[in-house]
Every structure is written in C-alpha cells, then in structure tokens.
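Shown next: entry_7.cif, given as mmCIF, C-alpha atoms.
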data_model
#
loop_
_atom_site.label_atom_id
_atom_site.label_comp_id
_atom_site.auth_asym_id
_atom_site.auth_seq_id
_atom_site.Cartn_x
_atom_site.Cartn_y
_atom_site.Cartn_z
CA MET A 373 74.52 -53.92 219.97
CA THR A 374 71.77 -52.65 217.63
CA SER A 375 71.20 -55.21 214.84
CA SER A 376 70.47 -54.71 211.13
CA VAL A 377 66.90 -55.80 211.86
CA ASP A 378 66.56 -53.03 214.45
CA TRP A 379 68.12 -50.40 212.22
CA PHE A 380 65.89 -51.37 209.30
CA ARG A 381 62.79 -51.16 211.49
CA ARG A 382 63.83 -47.65 212.59
CA ALA A 383 64.73 -46.67 209.03
CA GLN A 384 61.32 -47.55 207.63
CA ASP A 385 59.76 -45.00 209.97
CA VAL A 386 61.82 -42.12 208.60
CA LEU A 387 63.02 -43.18 205.12
CA PRO A 388 60.79 -44.40 202.24
CA GLY A 389 61.21 -48.16 202.21
CA GLY A 390 63.88 -47.76 204.87
CA VAL A 391 66.53 -46.80 202.31
CA ASN A 392 67.99 -43.83 200.47
CA SER A 393 68.31 -45.64 197.12
CA PRO A 394 65.69 -48.22 196.05
CA VAL A 395 67.79 -51.28 195.17
CA ARG A 396 69.31 -51.26 198.66
CA ALA A 397 65.98 -52.46 200.06
CA CYS A 398 66.83 -55.95 198.65
CA ARG A 399 63.23 -56.55 197.60
CA GLY A 400 64.34 -58.09 194.33
CA VAL A 401 66.14 -60.86 196.21
CA GLY A 402 63.50 -61.44 198.87
CA CYS A 403 65.27 -60.33 202.03
CA ASP A 404 65.99 -57.28 204.17
CA PRO A 405 69.15 -55.19 203.85
CA LEU A 406 72.17 -55.48 206.07
CA PHE A 407 73.43 -52.27 207.65
CA ILE A 408 77.16 -51.71 207.29
CA GLY A 409 79.25 -50.53 210.20
CA SER A 410 82.66 -50.34 208.52
CA ALA A 411 84.69 -51.46 205.52
CA ARG A 412 88.36 -51.92 204.73
CA GLY A 413 90.13 -53.43 201.76
CA SER A 414 87.95 -56.09 200.12
CA ARG A 415 85.75 -56.59 203.19
CA MET A 416 82.79 -54.97 204.90
CA ARG A 417 81.53 -55.56 208.41
CA THR A 418 77.86 -55.27 209.30
CA VAL A 419 76.52 -53.70 212.49
CA ASP A 420 75.81 -57.30 213.55
CA GLY A 421 79.53 -58.13 213.31
CA GLN A 422 79.32 -60.26 210.15
CA GLU A 423 82.26 -59.90 207.78
CA LEU A 424 81.51 -59.92 204.06
CA ILE A 425 83.77 -60.18 201.01
CA ASP A 426 82.49 -57.23 199.00
CA PHE A 427 81.90 -57.47 195.25
CA VAL A 428 79.62 -54.42 195.07
CA LEU A 429 82.27 -51.90 196.14
CA SER A 430 79.81 -49.03 196.52
CA TRP A 431 78.53 -49.92 193.01
CA GLY A 432 81.96 -49.76 191.49
CA PRO A 433 84.09 -46.82 192.64
CA MET A 434 86.15 -48.57 195.29
CA ILE A 435 88.59 -50.04 192.76
CA LEU A 436 91.41 -49.62 195.30
CA GLY A 437 89.31 -51.30 197.97
CA HIS A 438 87.68 -49.62 200.94
CA CYS A 439 89.64 -47.14 203.06
CA ASP A 440 92.75 -47.03 200.92
CA PRO A 441 95.28 -45.39 203.30
CA GLU A 442 96.55 -42.77 200.83
CA VAL A 443 93.03 -41.76 199.80
CA ILE A 444 91.82 -41.52 203.39
CA GLU A 445 94.85 -39.49 204.44
CA ALA A 446 94.35 -37.05 201.55
CA ALA A 447 90.69 -36.58 202.47
CA ARG A 448 91.50 -36.20 206.17
CA ALA A 449 94.11 -33.52 205.46
CA ALA A 450 91.63 -31.66 203.25
CA VAL A 451 88.86 -31.75 205.87
CA GLU A 452 91.23 -30.41 208.49
CA ARG A 453 91.70 -27.35 206.27
CA GLY A 454 87.93 -26.94 205.77
CA SER A 455 85.06 -29.18 204.71
CA SER A 456 83.36 -26.80 202.27
CA TYR A 457 84.13 -23.31 201.00
CA GLY A 458 81.54 -22.49 198.35
CA ALA A 459 84.51 -20.94 196.56
CA PRO A 460 87.29 -22.19 194.29
CA CYS A 461 90.07 -24.32 195.77
CA PRO A 462 93.31 -25.67 194.25
CA GLY A 463 92.14 -29.28 194.49
CA GLU A 464 89.46 -28.89 191.84
CA VAL A 465 92.01 -27.56 189.35
CA GLU A 466 94.47 -30.36 190.11
CA LEU A 467 91.81 -33.06 189.77
CA ALA A 468 90.56 -31.61 186.47
CA GLU A 469 94.12 -31.55 185.14
CA ALA A 470 94.59 -35.19 186.17
CA VAL A 471 91.35 -36.25 184.48
CA ARG A 472 92.31 -34.42 181.28
CA ARG A 473 95.74 -36.02 181.25
CA LEU A 474 94.18 -39.50 181.42
CA MET A 475 91.16 -38.71 179.18
CA PRO A 476 92.44 -36.26 176.54
CA GLY A 477 88.96 -35.87 175.06
CA MET A 478 87.92 -34.03 178.21
CA GLU A 479 89.60 -30.76 177.26
CA MET A 480 87.49 -28.83 179.75
CA MET A 481 85.14 -30.00 182.51
CA ARG A 482 82.79 -28.97 185.29
CA MET A 483 82.82 -30.71 188.68
CA VAL A 484 79.44 -31.64 190.19
CA SER A 485 78.30 -33.79 193.12
CA SER A 486 76.80 -36.93 191.55
CA GLY A 487 76.56 -38.97 188.38
CA THR A 488 72.92 -37.97 187.98
CA GLU A 489 73.88 -34.30 188.13
CA ALA A 490 76.61 -34.92 185.56
CA THR A 491 74.35 -36.59 183.00
CA MET A 492 71.52 -34.11 183.55
CA SER A 493 73.93 -31.23 182.96
CA ALA A 494 75.53 -32.88 179.91
CA LEU A 495 72.10 -33.28 178.32
CA ARG A 496 71.23 -29.63 178.95
CA LEU A 497 74.55 -28.60 177.46
CA ALA A 498 74.03 -30.79 174.38
CA ARG A 499 70.62 -29.23 173.82
CA GLY A 500 71.96 -25.73 174.37
CA PHE A 501 74.92 -26.28 172.05
CA THR A 502 72.93 -27.83 169.19
CA GLY A 503 69.66 -25.94 169.61
CA ARG A 504 67.81 -29.27 169.41
CA ASP A 505 65.54 -31.08 171.88
CA LYS A 506 65.51 -34.82 171.18
CA LEU A 507 67.94 -37.39 172.52
CA ILE A 508 68.58 -41.05 171.86
CA LYS A 509 69.17 -43.41 174.76
CA PHE A 510 69.24 -47.19 174.90
CA ASP A 511 66.77 -49.64 176.35
CA GLY A 512 68.05 -50.74 179.76
CA CYS A 513 70.76 -48.09 180.10
CA TYR A 514 70.55 -45.96 183.24
CA HIS A 515 71.81 -42.39 183.30
CA GLY A 516 70.59 -41.23 186.68
CA HIS A 517 67.12 -40.28 187.80
CA SER A 518 66.55 -36.98 186.03
CA ASP A 519 63.27 -36.85 184.12
CA ALA A 520 64.44 -37.21 180.52
CA PHE A 521 66.36 -40.42 181.25
CA LEU A 522 63.68 -42.32 183.16
CA ALA A 523 62.33 -44.03 180.08
CA SER A 524 63.34 -47.70 179.92
CA ALA A 525 66.03 -47.06 182.48
CA GLY A 526 67.39 -50.48 183.35
CA SER A 527 68.27 -52.07 186.66
CA GLY A 528 66.43 -50.02 189.26
CA LEU A 529 63.06 -50.00 187.53
CA ALA A 530 63.45 -53.59 186.34
CA THR A 531 64.38 -54.88 189.79
CA LEU A 532 61.34 -53.27 191.39
CA SER A 533 59.02 -54.04 188.43
CA ILE A 534 58.09 -50.37 188.06
CA PRO A 535 56.53 -50.18 184.57
CA GLY A 536 56.76 -46.46 183.83
CA THR A 537 57.96 -43.15 185.14
CA PRO A 538 55.40 -41.71 187.60
CA GLY A 539 56.00 -38.04 188.33
CA VAL A 540 57.60 -37.40 184.96
CA PRO A 541 55.46 -35.33 182.55
CA ALA A 542 54.72 -37.13 179.30
CA ASP A 543 55.90 -34.16 177.26
CA VAL A 544 59.35 -34.43 178.87
CA VAL A 545 60.01 -38.05 177.87
CA ALA A 546 58.36 -37.39 174.50
CA HIS A 547 61.75 -36.02 173.43
CA THR A 548 63.49 -39.27 174.48
CA LEU A 549 63.96 -41.75 171.64
CA ILE A 550 64.85 -45.31 172.62
CA ALA A 551 66.82 -47.92 170.71
CA PRO A 552 67.97 -51.42 171.67
CA TYR A 553 71.55 -51.50 172.91
CA ASN A 554 74.00 -52.86 170.32
CA ASP A 555 71.48 -52.23 167.50
CA LEU A 556 73.15 -49.72 165.20
CA GLU A 557 70.48 -50.16 162.51
CA ALA A 558 67.78 -48.99 164.92
CA VAL A 559 69.81 -45.89 165.78
CA GLU A 560 70.31 -45.07 162.12
CA ASP A 561 66.57 -45.42 161.56
CA LEU A 562 65.89 -42.91 164.36
CA PHE A 563 68.34 -40.47 162.80
CA ASN A 564 66.79 -40.93 159.37
CA ARG A 565 63.34 -40.15 160.79
CA HIS A 566 64.24 -37.38 163.24
CA GLY A 567 67.57 -36.20 161.85
CA ARG A 568 68.13 -32.57 162.70
CA GLU A 569 65.94 -32.67 165.82
CA ILE A 570 68.36 -34.94 167.71
CA ALA A 571 70.72 -33.13 170.07
CA CYS A 572 72.67 -36.14 171.29
CA VAL A 573 73.08 -39.85 171.73
CA ILE A 574 73.90 -40.86 175.30
CA VAL A 575 75.23 -44.34 175.92
CA GLU A 576 76.98 -46.41 178.54
CA PRO A 577 79.91 -47.50 176.34
CA ALA A 578 79.75 -50.82 178.17
CA ALA A 579 76.27 -51.11 179.63
CA GLY A 580 76.26 -51.73 183.38
CA ASN A 581 72.64 -51.36 184.43
CA MET A 582 71.14 -54.41 182.77
CA GLY A 583 74.02 -56.39 184.11
CA LEU A 584 77.25 -55.95 182.18
CA VAL A 585 76.69 -55.92 178.41
CA PRO A 586 79.77 -55.02 176.36
CA PRO A 587 79.46 -53.19 173.04
CA GLU A 588 79.59 -55.39 169.97
CA PRO A 589 82.39 -54.66 167.47
CA GLY A 590 81.56 -51.57 165.45
CA PHE A 591 78.69 -50.36 167.67
CA LEU A 592 80.46 -47.43 169.32
CA GLU A 593 82.28 -46.57 166.12
CA GLY A 594 78.92 -46.54 164.32
CA LEU A 595 77.41 -44.21 166.90
CA ARG A 596 80.35 -41.86 166.47
CA ALA A 597 79.90 -41.83 162.69
CA LEU A 598 76.13 -41.23 162.88
CA CYS A 599 76.49 -38.36 165.35
CA THR A 600 79.13 -36.72 163.17
CA ARG A 601 77.00 -37.18 160.05
CA PHE A 602 73.85 -35.66 161.58
CA GLY A 603 75.49 -32.97 163.71
CA ALA A 604 74.48 -34.52 167.05
CA LEU A 605 76.75 -34.90 170.08
CA LEU A 606 77.92 -38.29 171.32
CA ILE A 607 77.88 -38.55 175.13
CA PHE A 608 79.63 -41.42 176.88
CA ASP A 609 78.21 -42.04 180.34
CA GLU A 610 81.34 -43.37 182.04
CA VAL A 611 80.02 -43.13 185.58
CA ILE A 612 80.62 -46.89 185.89
CA THR A 613 83.29 -47.49 183.23
CA GLY A 614 85.49 -44.45 183.83
CA PHE A 615 88.90 -45.54 185.22
CA ARG A 616 87.46 -49.08 185.49
CA LEU A 617 87.73 -50.38 181.94
CA SER A 618 91.18 -48.82 181.65
CA LEU A 619 93.09 -45.88 183.07
CA GLY A 620 91.53 -43.83 180.27
CA GLY A 621 88.09 -45.36 180.65
CA ALA A 622 86.00 -47.03 177.96
CA GLN A 623 86.89 -44.39 175.39
CA ALA A 624 90.57 -45.33 175.65
CA ARG A 625 89.85 -49.06 175.70
CA TYR A 626 87.64 -48.96 172.61
CA GLY A 627 89.39 -46.11 170.80
CA VAL A 628 86.26 -43.99 170.29
CA ARG A 629 86.25 -40.34 171.37
CA PRO A 630 82.89 -38.87 172.43
CA ASP A 631 82.02 -35.19 172.35
CA LEU A 632 81.06 -35.20 176.04
CA THR A 633 81.82 -37.58 178.90
CA THR A 634 80.16 -37.95 182.28
CA LEU A 635 82.06 -39.31 185.26
CA GLY A 636 81.26 -40.01 188.88
CA LYS A 637 81.92 -42.43 191.70
CA ILE A 638 85.56 -43.29 191.13
CA ILE A 639 86.93 -39.74 190.70
CA GLY A 640 85.81 -38.96 194.25
CA GLY A 641 87.60 -41.93 195.78
CA GLY A 642 84.39 -42.90 197.55
CA PHE A 643 83.15 -39.37 198.21
CA PRO A 644 80.08 -37.88 196.46
CA VAL A 645 81.32 -36.39 193.21
CA GLY A 646 80.60 -36.25 189.50
CA CYS A 647 81.94 -34.49 186.46
CA PHE A 648 80.98 -33.70 182.88
CA GLY A 649 83.34 -32.50 180.22
CA GLY A 650 84.47 -32.70 176.64
CA ARG A 651 85.51 -30.55 173.72
CA ARG A 652 86.46 -27.01 174.69
CA GLU A 653 84.16 -25.40 172.11
CA ILE A 654 81.20 -27.21 173.68
CA MET A 655 82.15 -26.66 177.32
CA GLU A 656 82.57 -22.92 176.72
CA HIS A 657 78.78 -22.78 176.35
CA VAL A 658 78.50 -23.42 180.11
CA ALA A 659 77.94 -20.40 182.38
CA PRO A 660 79.62 -18.08 183.21
CA VAL A 661 81.39 -18.23 179.83
CA GLY A 662 78.27 -19.25 177.93
CA ALA A 663 74.52 -19.21 178.39
CA VAL A 664 73.85 -22.82 179.49
CA TYR A 665 73.29 -22.53 183.22
CA GLN A 666 74.63 -25.04 185.75
CA ALA A 667 75.60 -24.44 189.38
CA GLY A 668 76.22 -26.27 192.64
CA THR A 669 77.27 -25.10 196.09
CA LEU A 670 79.19 -28.30 196.84
CA SER A 671 80.73 -28.66 193.38
CA GLY A 672 84.49 -29.03 193.71
CA ASN A 673 84.19 -29.96 197.38
CA PRO A 674 87.75 -29.93 198.78
CA ALA A 675 87.58 -33.32 200.53
CA ALA A 676 86.12 -35.05 197.47
CA MET A 677 88.70 -33.41 195.18
CA ALA A 678 91.58 -34.52 197.41
CA ALA A 679 90.26 -38.09 197.63
CA GLY A 680 89.73 -38.22 193.88
CA LEU A 681 93.17 -36.90 193.07
CA ALA A 682 94.78 -39.41 195.44
CA THR A 683 92.76 -42.20 193.80
CA LEU A 684 93.86 -41.32 190.27
CA ARG A 685 97.49 -41.01 191.34
CA ARG A 686 97.32 -44.46 192.92
CA LEU A 687 95.64 -45.93 189.85
CA GLU A 688 98.40 -44.67 187.57
CA ALA A 689 100.74 -47.06 189.38
CA CYS A 690 98.35 -50.05 189.32
CA ASP A 691 98.50 -53.06 186.98
CA TYR A 692 95.14 -53.06 185.21
CA ASP A 693 96.07 -55.99 183.00
CA ALA A 694 96.83 -58.21 185.98
CA LEU A 695 93.53 -57.35 187.67
CA GLU A 696 91.68 -58.10 184.43
CA ARG A 697 93.32 -61.52 184.13
CA ARG A 698 92.53 -62.37 187.74
CA THR A 699 88.94 -61.18 187.40
CA LEU A 700 88.35 -63.21 184.24
CA ALA A 701 89.80 -66.37 185.83
CA PHE A 702 87.60 -65.90 188.90
CA ALA A 703 84.47 -65.24 186.80
CA ARG A 704 85.10 -68.37 184.73
CA ASP A 705 85.59 -70.47 187.85
CA LEU A 706 82.39 -69.13 189.40
CA LYS A 707 80.49 -69.83 186.19
CA SER A 708 81.79 -73.41 186.18
CA VAL A 709 80.71 -73.97 189.78
CA LEU A 710 77.16 -72.89 188.92
CA GLU A 711 77.04 -74.91 185.72
CA GLU A 712 78.05 -78.01 187.68
CA LYS A 713 74.77 -77.54 189.55
CA GLY A 714 72.87 -77.81 186.27
CA LEU A 715 72.19 -74.10 185.87
CA PRO A 716 72.37 -72.38 182.49
CA VAL A 717 74.75 -69.43 182.94
CA GLN A 718 75.99 -66.72 180.59
CA MET A 719 79.04 -64.71 181.58
CA ASN A 720 79.83 -61.21 180.31
CA HIS A 721 83.18 -59.74 181.31
CA VAL A 722 85.24 -56.60 180.69
CA ALA A 723 88.28 -55.55 182.73
CA SER A 724 87.42 -55.81 186.46
CA ILE A 725 83.65 -56.16 185.90
CA PHE A 726 81.49 -59.17 185.11
CA THR A 727 77.92 -60.41 185.33
CA LEU A 728 76.68 -63.98 185.50
CA PHE A 729 73.23 -64.20 183.93
CA PHE A 730 71.13 -67.20 184.92
CA THR A 731 69.90 -67.90 181.39
CA LYS A 732 70.70 -70.07 178.38
CA THR A 733 70.44 -67.03 176.09
CA PRO A 734 73.56 -64.99 175.25
CA VAL A 735 73.02 -61.48 176.67
CA THR A 736 73.62 -58.66 174.22
CA ASP A 737 70.83 -56.18 175.11
CA PHE A 738 68.07 -55.57 177.65
CA ASP A 739 65.60 -57.99 176.07
CA THR A 740 68.05 -60.86 176.34
CA ALA A 741 69.06 -59.76 179.86
CA LYS A 742 65.42 -60.09 180.90
CA THR A 743 65.48 -63.81 180.04
CA MET A 744 67.44 -64.41 183.25
CA ASP A 745 65.95 -66.52 186.05
CA THR A 746 65.57 -63.88 188.76
CA GLU A 747 64.36 -66.42 191.33
CA ALA A 748 67.51 -68.49 190.88
CA TYR A 749 69.60 -65.35 191.33
CA ALA A 750 67.69 -64.45 194.50
CA THR A 751 68.36 -67.92 195.90
CA PHE A 752 72.04 -67.56 195.03
CA PHE A 753 72.27 -64.07 196.56
CA ARG A 754 70.68 -65.04 199.90
CA GLN A 755 72.86 -68.08 200.47
CA MET A 756 76.03 -66.30 199.41
CA ARG A 757 75.26 -63.45 201.80
CA GLU A 758 74.75 -65.92 204.63
CA ALA A 759 78.14 -67.40 203.74
CA GLY A 760 79.84 -64.00 203.94
CA VAL A 761 79.84 -62.84 200.32
CA ASN A 762 78.27 -59.51 199.37
CA LEU A 763 76.82 -59.47 195.83
CA ALA A 764 74.53 -56.92 194.21
CA PRO A 765 70.92 -57.35 195.43
CA SER A 766 69.69 -57.58 191.82
CA GLY A 767 70.55 -59.80 188.87
CA TYR A 768 70.51 -56.67 186.68
CA GLU A 769 73.76 -55.39 188.19
CA CYS A 770 77.50 -55.94 187.90
CA THR A 771 80.04 -57.76 190.00
CA PHE A 772 83.13 -55.65 190.66
CA THR A 773 86.60 -56.67 191.80
CA SER A 774 89.30 -54.41 193.18
CA PHE A 775 93.05 -54.26 193.57
CA ALA A 776 92.44 -55.15 197.22
CA HIS A 777 90.83 -58.54 196.49
CA THR A 778 93.11 -61.48 197.16
CA GLU A 779 93.24 -65.01 195.81
CA GLU A 780 91.99 -66.07 199.25
CA ASP A 781 88.92 -63.87 198.73
CA PHE A 782 88.23 -65.55 195.40
CA ALA A 783 88.78 -69.05 196.80
CA ALA A 784 86.47 -68.40 199.75
CA THR A 785 83.79 -67.09 197.37
CA LEU A 786 84.04 -70.18 195.17
CA ASP A 787 83.77 -72.43 198.24
CA ALA A 788 80.64 -70.56 199.31
CA ALA A 789 79.16 -70.96 195.81
CA ARG A 790 79.77 -74.70 195.89
CA ARG A 791 77.61 -74.94 199.00
CA VAL A 792 74.64 -73.10 197.49
CA ARG A 793 71.56 -75.26 197.00
CA PHE A 794 68.92 -74.45 194.40
#

Could you spell out this file's structure in structure tokens?
Amino acid sequence: MTSSVDWFRRAQDVLPGGVNSPVRACRGVGCDPLFIGSARGSRMRTVDGQELIDFVLSWGPMILGHCDPEVIEAARAAVERGSSYGAPCPGEVELAEAVRRLMPGMEMMRMVSSGTEATMSALRLARGFTGRDKLIKFDGCYHGHSDAFLASAGSGLATLSIPGTPGVPADVVAHTLIAPYNDLEAVEDLFNRHGREIACVIVEPAAGNMGLVPPEPGFLEGLRALCTRFGALLIFDEVITGFRLSLGGAQARYGVRPDLTTLGKIIGGGFPVGCFGGRREIMEHVAPVGAVYQAGTLSGNPAAMAAGLATLRRLEACDYDALERRTLAFARDLKSVLEEKGLPVQMNHVASIFTLFFTKTPVTDFDTAKTMDTEAYATFFRQMREAGVNLAPSGYECTFTSFAHTEEDFAATLDAARRVRF
C-alpha cells in the first residue's frame, strides 16, 4: 500500500508544493497533508487506511455528506449518457430553474465551472453594465484568485503569510478599494470619495475566509442602500453560504436582495461547478444577448448539472433548523472543552458553519481574526487529526457540519478534543 508520505513525495516532483490548492499543503499547521482514498457520509478514509470524521466537507459543499446515494446515482446516469457535449443539455435548464425557484433574485443565470470563474465573470458584467471600473471588496474576504480580487484576500494568503499579490499588475488592483468587513461607515466614505466610479460592491454576506464572521445587524442592509443610492451593483458571493445558511442562501436568511449572486461548490453536488446570476436586465448584457463576453467549454457539464439538481431536490426535504440546532450545541460543547484547558476561545456560528478562534478578542473583522493564536490552533489540528478528526488546516477557515453527521460523530470529536494537550 502506497502511503500518504509516499504520495506527497511523488506529488512534490510534479505539482508545486505537492498540491493543487495551496492550503492543502498544511504548512500553516506544521505537518504534511494526508491523501484521501475515499469518502462516504461524514467520514473520509486516507490511503493509509485511517478513518477521519470530516468537518471540512470539501470546503463546504458536501452538506448531504460524501457520496449521497441519490446524487451519485444522478451523476452516474448522466455520465452514461455522455460526459461532456460542448452543447446545451436539458440538465442545465432544469438546474437553473431550481436555483431560481429557491433564490428568486436570480432571475437569469449563467453556469460556469468554478467559484473563481463565477466571481470573475460577475465583476466583468458589473463593469460592463455600469460603465465603471472600480469595485469595493472587504479586507479578508476571498472571491477566488482572479487578479482584481487578490488584494487583502483572506485565508489563503494569510495562512501562507504571503504579503502581496505577485504576478498581478499594480494598475489592475488600483481599481480595487478595500474596506473593513462590518464597517459601513468606511464603505460610505469610499462612495463619497469615488462615487460614480464604483461599479460594484462584492461581499461574502457571511464572511468565510477569515474564519466565519457573520454580518452585524444593518451591515448588509446598509450596503444595499449605498449601492442603490450611488448606482452601483451589490454582488453577494454565496460560494460558501449558498444553500448552507438556508435553502435560499444568505440573501433569504438576512432578507437582503443583491443585484448579482455568485454560487459554486454546493450546486454541483461535489462536482466542479459555479454560477453567476441576478436581475434579468443585468444578465441580458451577457453574450450572446449583450456585449459582455463570457464563455466556457465545460459550462453546464451534464454530470455536474445532474448532481447539482439531485442535491437541491434532496435539500428541499431536509430540516435546516434541526441541523442548525445540532451544530450550535456541538460548537458550544467544543468551545467549553477548550476553555476548560485554560484557552481563550471565541465562537462564531451561523446555520451549519462555525469557527473557534483561539483569542480573547471578539472576532468581527479580519483585524480581530488575526489576533488568534495560530500556534495553538496548529497544535489542536495535529492532535485532532491523529485522533481521527479532519479539521481545516488553517485557523482562518470554517468548520462545516452536514446532514450525515451523527451524534456519535460529535461525541467522538469532543472526546478527542478532551485528550488534546497544549
């Protein structure tokens, strides 16, 4: 049997850092990655044969757990008909109709293949629609790795201590204005100074890339009002929060309707997929109807569409409130276990997502998130992994639960936490 150590050694010869996404290298927690051989329900199994209770869930989308039978069967049936057409298929229409039914603000949408592609395309559309160049994003929020967003971009850069954005021309990020998350006054100041140059505000409606940071009361409503007042578009990046915070995403939970929404992860049921959409009058500026160009050979891939549609149909029958209650109880218990060890811990929670920050400072933005004790988190991560619990390999990330997690999973995780030594 080839071990994770062997696979990682081989990977480093052909992949930068031995990984295809930086945080997977586990450098922020001082260890090497484990290679996964399979996953089912709430558990993953490494190539070494170790079973792990999974609270990363492919960074959020596996809300039904891994290998949900209905999702897998839908994808299998689609693949048997053809894995890629490069032409329209019924599945993309059905999935778009399902998304619109659950998120009425997405009157029209375009399927893409990743969250990064979705946000990149939404920004281009916002600029094309408004005829303006500048955008406002928030310190610590991550919207994919396209050039304009890699200014103060949260978890990935923070975890690896990368101070800037090498490879990104200065004149590209010069159009990116940055405000602290949850600071409506700072956003209003940017609008007062740059006003009619601002095409859009893009925001994670509940930030998930500095750890979980929920919006403070009035923040999202204030962004909506400012965008309306100055003629800018409000973009909700719901790549993490979509169909997680509620069946209608963050916009349904908080009652704020953006002009554009970006989705990913969950609407592919574990397959590579993304989506951007919003008001019809805006989306009709996208080619071939309008002049804003966007294209993708694998957009609307039949297997991803089938898996996504099966996922949304399953979620419509799920009890979100029950999962939220169970997640909150588990997060509180885990926080208590750590506090009993003398550690200062802050807990942020929404729906089936939470983050425990190893700090005495309440976390409301990226500056307060950065007060966390990253060494303490690394110690916690390594010992929990040895005990069979898979957490995010960075303190600047979220913990996700799923409908597949059991009370036995939670109890075993708490037992493992009690054995951690700092």

Taking all atoms listed in the file into account, produce a table as a tab-separated table in which each residue of region 494-514 of chain A with an atom at most 9 Å from an atom of region 659-671 of chain A appears once, together with its shortest atom pair and the distance in Å to one decimal, ordered by chain and rising number.
residue	atom	partner	partner_atom	distance
A:Arg496	CA	A:Val664	CA	7.3
A:Leu497	CA	A:Val664	CA	6.2
A:Gly500	CA	A:Val664	CA	6.2
A:Phe501	CA	A:Val664	CA	8.3

Produce a table with one row for each residue of region 609-685 of chain A that has an atom at most 6 Å from any atom of region 473-483 of chain A, each row naming the nearest atom pair and its distance in Å at one decimal; use all atoms listed in the file; arrange rows by chain and rising residue number; format as CSV.
residue,atom,partner,partner_atom,distance
A:Gly620,CA,A:Leu474,CA,5.2
A:Cys647,CA,A:Met483,CA,4.5
A:Phe648,CA,A:Met481,CA,5.6
A:Gly649,CA,A:Met481,CA,3.8
A:Gly650,CA,A:Met478,CA,4.0
A:Arg651,CA,A:Glu479,CA,5.4
A:Arg652,CA,A:Met480,CA,5.5
A:Ser671,CA,A:Met483,CA,5.5
A:Gly672,CA,A:Met483,CA,5.6

(message) Residue by residue, what does the PyMOL selection byres ((chain A and resi 443) around 8) grab here? Present the result as number ranges by chain.
(response) A: 439-442, 444-447, 641, 678-680, 682-683

(message) the PyMOL selection byres ((chain A and resi 619) around 12) - which residues does that actually catch in the file I just gave you? List them as a PyMOL selection string.
(response) chain A and resi 435+470-476+613-618+620-625+638-639+683-693+723-724

(message) Could you list, as JSON, numbers by chain, every residue within 12 Å of Gly714 (chain A), counting only C-alpha atoms and ignoring same-chain residues fewer than 6 positions away?
(response) {"A": [707, 708, 730, 731, 732, 748, 793, 794]}

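Neighbouring residues of Ala490 (chain A) at 8 Å or closer, counting all atoms listed in the file and skipping chain neighbours under 3 positions away, are Val484, Ser485, Ser486, Gly487, Ser493, Ala494, Thr634, Leu635, Gly636, Gly646, Cys647 and Phe648 of chain A.
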
Go ahead and write the selection's residues with C-alpha atoms as a PDB file, in the coordinates of the input.
ATOM      1  CA  VAL A 484      79.440 -31.640 190.190  1.00  0.00           C
ATOM      2  CA  SER A 485      78.300 -33.790 193.120  1.00  0.00           C
ATOM      3  CA  SER A 486      76.800 -36.930 191.550  1.00  0.00           C
ATOM      4  CA  GLY A 487      76.560 -38.970 188.380  1.00  0.00           C
ATOM      5  CA  SER A 493      73.930 -31.230 182.960  1.00  0.00           C
ATOM      6  CA  ALA A 494      75.530 -32.880 179.910  1.00  0.00           C
ATOM      7  CA  THR A 634      80.160 -37.950 182.280  1.00  0.00           C
ATOM      8  CA  LEU A 635      82.060 -39.310 185.260  1.00  0.00           C
ATOM      9  CA  GLY A 636      81.260 -40.010 188.880  1.00  0.00           C
ATOM     10  CA  GLY A 646      80.600 -36.250 189.500  1.00  0.00           C
ATOM     11  CA  CYS A 647      81.940 -34.490 186.460  1.00  0.00           C
ATOM     12  CA  PHE A 648      80.980 -33.700 182.880  1.00  0.00           C
TER      13      PHE A 648
END

(request) Rank nothing, just name the residue among A:Asp378, A:Asp385, A:Glu560, A:Glu469 nearest to Leu406 (chain A), using all atoms listed in the file. (result) A:Asp378

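When only C-alpha atoms are used to compute distances to Gly640 (chain A), the closest of the residues A:Ala675, A:Leu522, A:Val419, A:Val761 turns out to be A:Ala675.
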
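Put simply, CA of Cys513 (chain A) is 18.7 Å away from CA of Thr746 (chain A).
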
How big is the axis-aligned box around the listed atoms of region 536-551 of chain A once 8 Å is added on each side, and where is its centre? Give both in Å to one decimal, as JSON.
{"center_x": 60.8, "center_y": -41.0, "center_z": 179.5, "size_x": 28.1, "size_y": 29.8, "size_z": 33.6}

(message) I'd like the contact shell of region 715-718 of chain A - 12 Å cut-off, only C-alpha atoms, skipping same-chain residues fewer than 6 positions apart - returned as a count of residues only.
(response) 32

(request) Take the PyMOL selection byres ((chain A and resi 576) around 9), apply it to the structure above, and return the hits as a list in words. (result) Phe510, Cys513, Tyr514, His515, Ile574, Val575, Pro577, Ala578, Ala579, Gly580, Asn581, Ile607, Phe608, Asp609, Glu610, Val611, Ile612 and Thr613 of chain A
